[in-house]
Amino acid sequence: MSYLNALRLHFAGQFQANVSTVNNDPAHFHNRTFKSSYQDMQGTQPNGWFNPQGDAAFRLLGCKVTSASMPSGPVASGDAVLQCLVMDSDSRAPAKLVDLDSEQQLVSEIWGLQVRITDNQGQTLLSGDFEPMAFIDIWFRAQSAPPGSDTPAGAMWQSVLRSLKWGDIGHSQFLKALKKEADASGTLSIKFNLDGINMDFTSPDFMCGRIVGTIGPASIGEPAHLVIGRQFMAANTPGNQSFFQPQNGLNFCVARIDPTAKCVFLDLGNALPTDTPGSGVANLGDLVLSAAGPTGAAVPLGTIPASGAGGYTAGNWYETTAGIVVLPLSDSQLQATSAHPLTISGNAQTRISEWKSGAFVRADTYVYRMSPGETASIAVYAMQWGKALANATVSFQLDPSQLQPTQVGPGQPYVENGPPVATPKDILKVGHDPISSKHPTVVTDAHGKAILKVTAGDPKKARWFGADFGIDGQVYGLRPAFAEASLNSGPVNDGNFVSFLVWSGFSAGTPVTWHDLAPVFQQYANLYPVMNRFLDLGNYDSVVENAGFLSLAFGLNLEDPNAMPVTRDLSPAKRKAILSWLADPAHPKGQAVAAVAAAPSPATPQPQVAAAMHGGKAAAMSRRLVLQSP
Amino acid sequence: MIRLRRSLVQGLEAPSPTVQAVRDALQNAVKLEHATIPVYLYGLYSLKSGANVEIGRILQSVVVEEMLHMTLASNVLNAIGGSPQIDHPDFIPTYPGPLPGGVESSLTVALAPFSMSQLETYLSIEQPEDPLEFPTAALAAGDTITIGQFYTKIAKAIAVLGNNIFVKPARNQVGPELMEEAVVVTDVATAQKAIGTIVEQGEGTHTSPEAVVGPGYAHYYRFMQVKKGHFLIKTPGVKPGYAYAGPPLRFDAGGVYDVQPSPAPSLAGDNFNYTYTSLLRALHELFNGKNDSAQFNRTLGLMMSLKGQAKAMLAGIPNPDAPVGPTFVYQPVNPETPVAQT
């Protein structure tokens, strides 16, 4: 089922993503060379980039239900759901938006988000916990915006809501119908698109942007973060080194054909460009969905007009529909879609199609944090012509091309070369075989699903700065593809791969001492100035004085919104050592710790950056390994 | 000294107090204890990092005890079958204004950064009943009471009503395993202990500035140290046994973010108020049966979030030219930013 369904509501409003940015430069993990200016707002120099004091909070602001539909059509105008708000938690701290790693910043996950549907006074009618998930399909959405910042970017998140709690929904036929579906699976499907983030710290909208999304039912057994449907695939504009720019205007998107209801649900929410960040949809001409006909002539399936009634360039079309379009299909049209690639086309520059094979494979969850010795079960789903593809062999190979090591250079904001990524190569294994030397395969079951079990080794000091402590662990990329080459029959989505952060092994002495932990604490004091509002993590006395509060904060689940920003960077082994030391009333100091406090001012000239250096994601995109000369 | 309206203790007087009157009085007590917290927090969070450290410690210690008092009053209220009502717009006083139950002419309490004049407000809130104080004509009519008298009357009414008014088994109690010095209230004796702790920590005893429960002096004397510029120390053999003659305690006026509350809507202000309202909701649940450590930790998490937000707001983060003073307003809906609304 998923959100791409006859039963669904759309919402729109603003988000705030108050991410912190000192850790955007991997070199800032180098304690010995860290300077206090790296915690300052960027100016003529990059300093701590565009939001060094960010607290990582991810919030929903003023989101309202903009429309709702049932299988019978749009809900009645009196349905209470149309007056509802979509809000985040009213009973715990704000959710957090967190990068996986300084060298893989392109899979930022939302943690600890509770989504609520409320009446207009904020009384909860439904609440659910958003299963933590990273964005995908980030692209250069605002066509006429200048590059070099995150502001033109758009991206999407798809996940499920769990632990559903329902309030008084008696006034909404829609919510009653949604509850009936949710009671069967215990979950709901949610998908939203973010764009138009404001990165001007003097603006009252700093770190806010537009969110437009959809909530619908979810089925047991279907992927939580992926629609089993018709996947439209775009190629990048040649030579583009920034955010993905689809060669023919439209970004990756999905459709689902419902043969019973005789219609197609098409989600263009993250596929249609805007003119300026957060504006209405750009005019690409009337969009026609068609199927390739057996004789070569395309079979038109329906038209989405650019203007006029239901036109997608109308002021509130995107907010009202979340970009989802439903087109009725006749029997012959249905027949035409069954085993032929679909295409959406508009003006001469606008076109996107399924692969010729109609096939697609992707991991449901594509971000993993692992300790040495740990095994992750990675579920991938294969589909063809919108249906689960059974008995397909899926092959995996390491692909570091999208990871983001840094190199100093003219125009670059980095203060020293960052550590290498994806080394050593033989850390990820299937069974006893390093994936680097033997590409593993799995075969899909009747649901198109297969599980790859990946075991992590110990990358040790792979990302130290010479003899100095550096970034814990190592990042890797693993890309799935069909083993049968003919199925891989179109442009590849760069973002369609699995990201790993494999932590280094860590063993502290017995008892654990401050000497063991000081480099870790110091690094976090450097990277997260927000912590200075609570304590000085680099100072023994301050840490001891706050041992109780720290024990609580370090002890929380990663899913808890109050988990400290550092915690999701921290291996379980280090976390355990920290908790052990905090719980030890002696808080032993161990050997003397060499002073590593930040130097008070830049001793050497820092790299100059243009004042327009306003993007963490933009910077990450432009330094992907694939773009770096060997 | 704060004077409360005598109507707050209607129905408490012997010989025939009613349980409902005691519950009503305790609900007012919960409100009153909470109402001081935003005032003290505003002062605490206005202190610049590394400046006025001792004043910060004093404020922090008082705030923690006010939270304990709110808990203790809730425990007594729950113990006699009541339910603290915390998740409600009326739970928060309007600042500036009188404290809940307060006589308007007695004291206007405002949210403001720490200053020596704001210290006078703190002292007024915490000042014990003083036999040497002569009431003004407006207050002499006998229609007002002190906070100490208010609690004494509650305690007396509970004693008159006896152990039968206590719900068995103990109900919705937040005990010492969650909050140090909290008292699980099950009968008259434990209720008296809880109320005694509130009064002594706030006002001290009639014979000593030291609180019987917990470390240090009663709140009034803690604050007085700042006014006197010296820590209060014991002076054995020299009457009255204590003197503001300890190490100096200086106020550095430059070590304060001089930012007043910002009533105009703003992103940071709305976020703060939404989180603050979430905290009231979480506390409401904590004091109405969800008294487990997970819920307690959620409330702590919300408090930490508020602390981080408030300190950033007052410090002008991210925009030093546009600091925002938190307003502590009940706001169950977090709206679009003011820019998006226009």
# chains A, B, ... in the order shown; residues from 1 in each chain; ligands from 1
call {"tool": "residues_around", "arguments": {"residues": "Leu625 of chain A", "least_positions_apart": "2", "cutoff": "12 Å", "atoms": "only C-alpha atoms", "output": "compact mmCIF listing (two decimals) with N, CA and C atoms, in the first residue's frame"}}
result
# COMPACT_ATOMS: atom_id res chain seq x y z
N GLU A 103 32.48 12.47 6.63
CA GLU A 103 32.86 12.12 5.26
C GLU A 103 31.75 11.36 4.52
N GLN A 104 30.58 11.31 5.12
CA GLN A 104 29.37 10.89 4.41
C GLN A 104 28.22 11.72 4.97
N GLN A 241 29.00 19.00 -11.09
CA GLN A 241 29.73 18.52 -9.92
C GLN A 241 29.02 18.88 -8.63
N ASP A 399 31.51 0.58 -3.22
CA ASP A 399 31.51 1.75 -4.08
C ASP A 399 31.73 3.00 -3.21
N PRO A 400 32.97 3.43 -3.11
CA PRO A 400 33.25 4.62 -2.28
C PRO A 400 33.03 5.93 -3.03
N SER A 401 32.53 5.86 -4.26
CA SER A 401 32.58 7.03 -5.15
C SER A 401 31.79 8.22 -4.59
N GLN A 402 30.79 7.95 -3.79
CA GLN A 402 29.95 9.05 -3.31
C GLN A 402 30.37 9.53 -1.91
N LEU A 403 31.36 8.92 -1.32
CA LEU A 403 31.86 9.37 -0.02
C LEU A 403 32.69 10.64 -0.23
N GLN A 404 32.96 11.36 0.85
CA GLN A 404 33.43 12.74 0.67
C GLN A 404 34.69 13.07 1.47
N PRO A 405 35.83 12.50 1.09
CA PRO A 405 37.07 12.92 1.73
C PRO A 405 37.42 14.35 1.29
N THR A 406 38.19 15.03 2.10
CA THR A 406 38.48 16.44 1.79
C THR A 406 39.94 16.64 1.41
N GLN A 407 40.13 17.59 0.56
CA GLN A 407 41.50 17.98 0.20
C GLN A 407 41.58 19.49 0.20
N PRO A 420 41.53 9.50 4.58
CA PRO A 420 40.98 8.76 3.45
C PRO A 420 39.72 8.00 3.87
N VAL A 421 38.87 7.73 2.88
CA VAL A 421 37.65 6.96 3.16
C VAL A 421 37.83 5.54 2.62
N ALA A 422 36.98 4.65 3.16
CA ALA A 422 36.83 3.29 2.61
C ALA A 422 38.13 2.47 2.64
N TYR A 476 32.09 3.40 4.49
CA TYR A 476 32.11 2.56 3.29
C TYR A 476 30.79 2.73 2.54
N GLY A 477 30.85 2.41 1.26
CA GLY A 477 29.64 2.37 0.45
C GLY A 477 29.53 1.02 -0.23
N ALA A 620 29.68 18.94 0.33
CA ALA A 620 29.86 17.48 0.32
C ALA A 620 29.69 16.93 -1.09
N MET A 621 28.69 17.43 -1.79
CA MET A 621 28.46 16.96 -3.16
C MET A 621 29.69 17.22 -4.04
N SER A 622 30.28 18.38 -3.84
CA SER A 622 31.34 18.78 -4.76
C SER A 622 32.68 18.13 -4.43
N ARG A 623 32.76 17.40 -3.33
CA ARG A 623 34.04 16.76 -3.02
C ARG A 623 33.91 15.24 -2.99
N LEU A 627 34.62 12.66 -7.94
CA LEU A 627 35.03 13.88 -8.63
C LEU A 627 36.49 14.21 -8.40
N GLN A 628 37.14 13.44 -7.52
CA GLN A 628 38.53 13.78 -7.18
C GLN A 628 39.49 13.02 -8.08
N SER A 629 40.51 13.73 -8.50
CA SER A 629 41.52 13.06 -9.33
C SER A 629 42.37 12.18 -8.42
N PRO A 630 42.79 11.06 -8.92
CA PRO A 630 43.52 10.10 -8.08
C PRO A 630 44.85 10.68 -7.62
call {"tool": "residues_around", "arguments": {"residues": "Pro98 of chain B", "least_positions_apart": "6", "cutoff": "10 Å", "atoms": "only C-alpha atoms", "output": "list in words"}}
result
Ile2, Arg3, Leu4, Ala35, Glu104, Ser105, Ser106, Leu107, Thr108, Val109 and Ala110 of chain B
call {"tool": "atom_distance", "arguments": {"atom1": "atom CA of Ala322 of chain A", "atom2": "atom CA of His340 of chain A"}}
result
26.8 Å
call {"tool": "closest_atom_pairs", "arguments": {"of": "segment 259-287 of chain A", "to": "segment 1-4 of chain A", "cutoff": "9 Å", "atoms": "only C-alpha atoms", "output": "Markdown table"}}
result
| residue | atom | partner | partner_atom | distance |
| --- | --- | --- | --- | --- |
| A:Phe265 | CA | A:Leu4 | CA | 6.4 |
| A:Leu266 | CA | A:Leu4 | CA | 7.7 |
| A:Asp267 | CA | A:Leu4 | CA | 7.3 |
call {"tool": "atom_distance", "arguments": {"atom1": "atom CA of Gly538 of chain A", "atom2": "atom CA of Gly505 of chain A"}}
result
22.4 Å
call {"tool": "residues_around", "arguments": {"residues": "Ile471 of chain A", "least_positions_apart": "5", "cutoff": "8 Å", "atoms": "only C-alpha atoms", "output": "PyMOL selection string"}}
result
chain A and resi 26+29-30+419+463-464
call {"tool": "closest_residue", "arguments": {"among": "A:His225, A:Arg141, A:Arg59, A:His432", "to": "Ala379 of chain A", "atoms": "only C-alpha atoms"}}
result
A:His225
call {"tool": "residues_around", "arguments": {"residues": "segment 277-282 of chain B", "least_positions_apart": "2", "cutoff": "10 Å", "atoms": "only C-alpha atoms", "output": "PyMOL selection string"}}
result
(chain A and resi 89-94) or (chain B and resi 85-89+91-92+271-275+284-288+290+295-303+305-306+328-333)
call {"tool": "closest_residue", "arguments": {"among": "A:Ser436, A:Thr303, A:Asn198, A:Ser159", "to": "Phe50 of chain A", "atoms": "only C-alpha atoms"}}
result
A:Asn198
call {"tool": "residues_around", "arguments": {"residues": "segment 279-287 of chain A", "least_positions_apart": "3", "cutoff": "9 Å", "atoms": "only C-alpha atoms", "output": "JSON, numbers by chain"}}
result
{"A": [142, 143, 196, 249, 272, 273, 274, 275, 276, 302, 303, 304, 305, 306, 307, 311, 312, 313, 314, 315, 316, 317, 318, 319, 344, 345, 346, 347, 348, 349, 350, 351]}
call {"tool": "residues_around", "arguments": {"residues": "segment 581-596 of chain A", "least_positions_apart": "5", "cutoff": "7 Å", "atoms": "only C-alpha atoms", "output": "CSV table (one decimal) with N, CA, C and O atoms, in the first residue's frame"}}
result
chain,number,residue,atom,x,y,z
A,31,ASN,N,42.2,17.2,17.1
A,31,ASN,CA,42.2,17.9,18.3
A,31,ASN,C,43.5,18.8,18.4
A,31,ASN,O,43.4,20.0,18.9
A,32,ARG,N,44.6,18.3,18.0
A,32,ARG,CA,45.9,19.0,18.2
A,32,ARG,C,45.9,20.3,17.4
A,32,ARG,O,46.6,21.3,17.8
A,512,VAL,N,38.5,2.4,33.8
A,512,VAL,CA,38.6,3.4,32.8
A,512,VAL,C,39.0,4.7,33.4
A,512,VAL,O,38.6,5.1,34.5
A,513,THR,N,39.9,5.4,32.7
A,513,THR,CA,40.4,6.7,33.3
A,513,THR,C,40.1,7.9,32.3
A,513,THR,O,39.8,7.7,31.2
A,514,TRP,N,40.2,9.0,32.9
A,514,TRP,CA,40.1,10.3,32.1
A,514,TRP,C,41.1,10.3,31.0
A,514,TRP,O,40.8,10.7,29.9
A,515,HIS,N,42.3,9.7,31.2
A,515,HIS,CA,43.3,9.6,30.2
A,515,HIS,C,42.8,8.9,29.0
A,515,HIS,O,43.1,9.3,27.8
A,547,ALA,N,28.4,14.7,36.1
A,547,ALA,CA,28.4,13.2,35.8
A,547,ALA,C,27.0,12.6,35.8
A,547,ALA,O,26.7,11.8,34.9
A,551,SER,N,25.6,10.8,32.5
A,551,SER,CA,25.2,9.4,32.6
A,551,SER,C,23.9,9.2,31.9
A,551,SER,O,23.7,8.3,31.2
call {"tool": "atom_distance", "arguments": {"atom1": "atom CA of Ile198 of chain B", "atom2": "atom CA of Ala170 of chain B"}}
result
20.2 Å
call {"tool": "select_by_dssp", "arguments": {"residues": "segment 182-308 of chain A", "states": "strand (DSSP E or B)", "output": "PyMOL selection string"}}
result
chain A and resi 188-195+208-217+230-233+236+244+246+253-258+263-267+274+281+287-291+299-304
call {"tool": "write_last_selection", "arguments": {"atoms": "C-alpha atoms", "output": "CSV table (one decimal), in the first residue's frame"}}
result
chain,number,residue,atom,x,y,z
A,188,LEU,CA,1.4,4.2,8.7
A,189,SER,CA,3.5,5.3,5.8
A,190,ILE,CA,4.9,8.8,5.6
A,191,LYS,CA,6.9,10.6,2.9
A,192,PHE,CA,7.9,14.2,2.8
A,193,ASN,CA,9.9,16.5,0.6
A,194,LEU,CA,12.1,19.3,1.9
A,195,ASP,CA,13.3,22.3,0.0
A,208,CYS,CA,13.9,26.8,8.0
A,209,GLY,CA,12.4,25.7,4.7
A,210,ARG,CA,9.4,24.1,3.1
A,211,ILE,CA,8.0,20.7,4.0
A,212,VAL,CA,5.3,19.0,1.9
A,213,GLY,CA,4.3,15.5,2.6
A,214,THR,CA,1.8,12.6,2.6
A,215,ILE,CA,0.6,10.1,5.1
A,216,GLY,CA,-1.2,6.9,4.2
A,217,PRO,CA,-1.5,3.3,5.2
A,230,ARG,CA,7.3,2.0,-11.3
A,231,GLN,CA,10.7,3.7,-10.8
A,232,PHE,CA,11.5,6.6,-13.1
A,233,MET,CA,15.2,7.1,-13.5
A,236,ASN,CA,22.9,13.5,-14.4
A,244,PHE,CA,22.2,16.1,-9.0
A,246,PRO,CA,18.6,15.6,-14.0
A,253,CYS,CA,10.2,9.5,-8.9
A,254,VAL,CA,7.8,6.6,-8.5
A,255,ALA,CA,4.3,5.6,-9.7
A,256,ARG,CA,2.1,2.8,-8.6
A,257,ILE,CA,-0.6,1.3,-10.8
A,258,ASP,CA,-3.7,0.0,-9.1
A,263,CYS,CA,-5.7,4.2,-12.0
A,264,VAL,CA,-2.1,5.2,-11.6
A,265,PHE,CA,-0.7,7.1,-8.6
A,266,LEU,CA,2.2,9.2,-9.6
A,267,ASP,CA,4.4,10.9,-7.0
A,274,THR,CA,10.9,25.1,-8.9
A,281,VAL,CA,6.6,24.5,-9.5
A,287,LEU,CA,3.2,16.6,-18.6
A,288,VAL,CA,2.1,13.5,-20.4
A,289,LEU,CA,2.4,10.0,-18.9
A,290,SER,CA,2.7,7.4,-21.5
A,291,ALA,CA,3.7,3.8,-21.9
A,299,VAL,CA,0.4,4.9,-25.5
A,300,PRO,CA,-0.7,8.1,-23.7
A,301,LEU,CA,-2.1,7.4,-20.2
A,302,GLY,CA,-3.0,10.9,-19.1
A,303,THR,CA,-2.0,14.5,-18.9
A,304,ILE,CA,-1.1,16.7,-16.0
call {"tool": "interface_residues", "arguments": {"of": "chain A", "to": "chain B", "cutoff": "8 Å", "atoms": "only C-alpha atoms", "output": "list in words"}}
result
Gly13, Gln14, Asn51, Gln53, Leu60, Leu61, Gly62, Cys63, Met87, Ser89, Asp90, Ser91, Arg92, Ala93, Pro94, Asn120, Gln121, Gly122, Phe201, Thr202, Pro204, Asp205, Val530, Arg533, Phe534, Leu552 and Asn562 of chain A
call {"tool": "residues_around", "arguments": {"residues": "Phe231 of chain B", "least_positions_apart": "4", "cutoff": "10 Å", "atoms": "only C-alpha atoms", "output": "JSON, numbers by chain"}}
result
{"B": [54, 221, 222, 223, 224, 225, 226, 227, 243, 244, 245, 246, 247, 248, 249, 250]}
call {"tool": "closest_residue", "arguments": {"among": "A:Met383, A:Val626, A:Ile427, A:Met564", "to": "Gly239 of chain A", "atoms": "only C-alpha atoms"}}
result
A:Val626
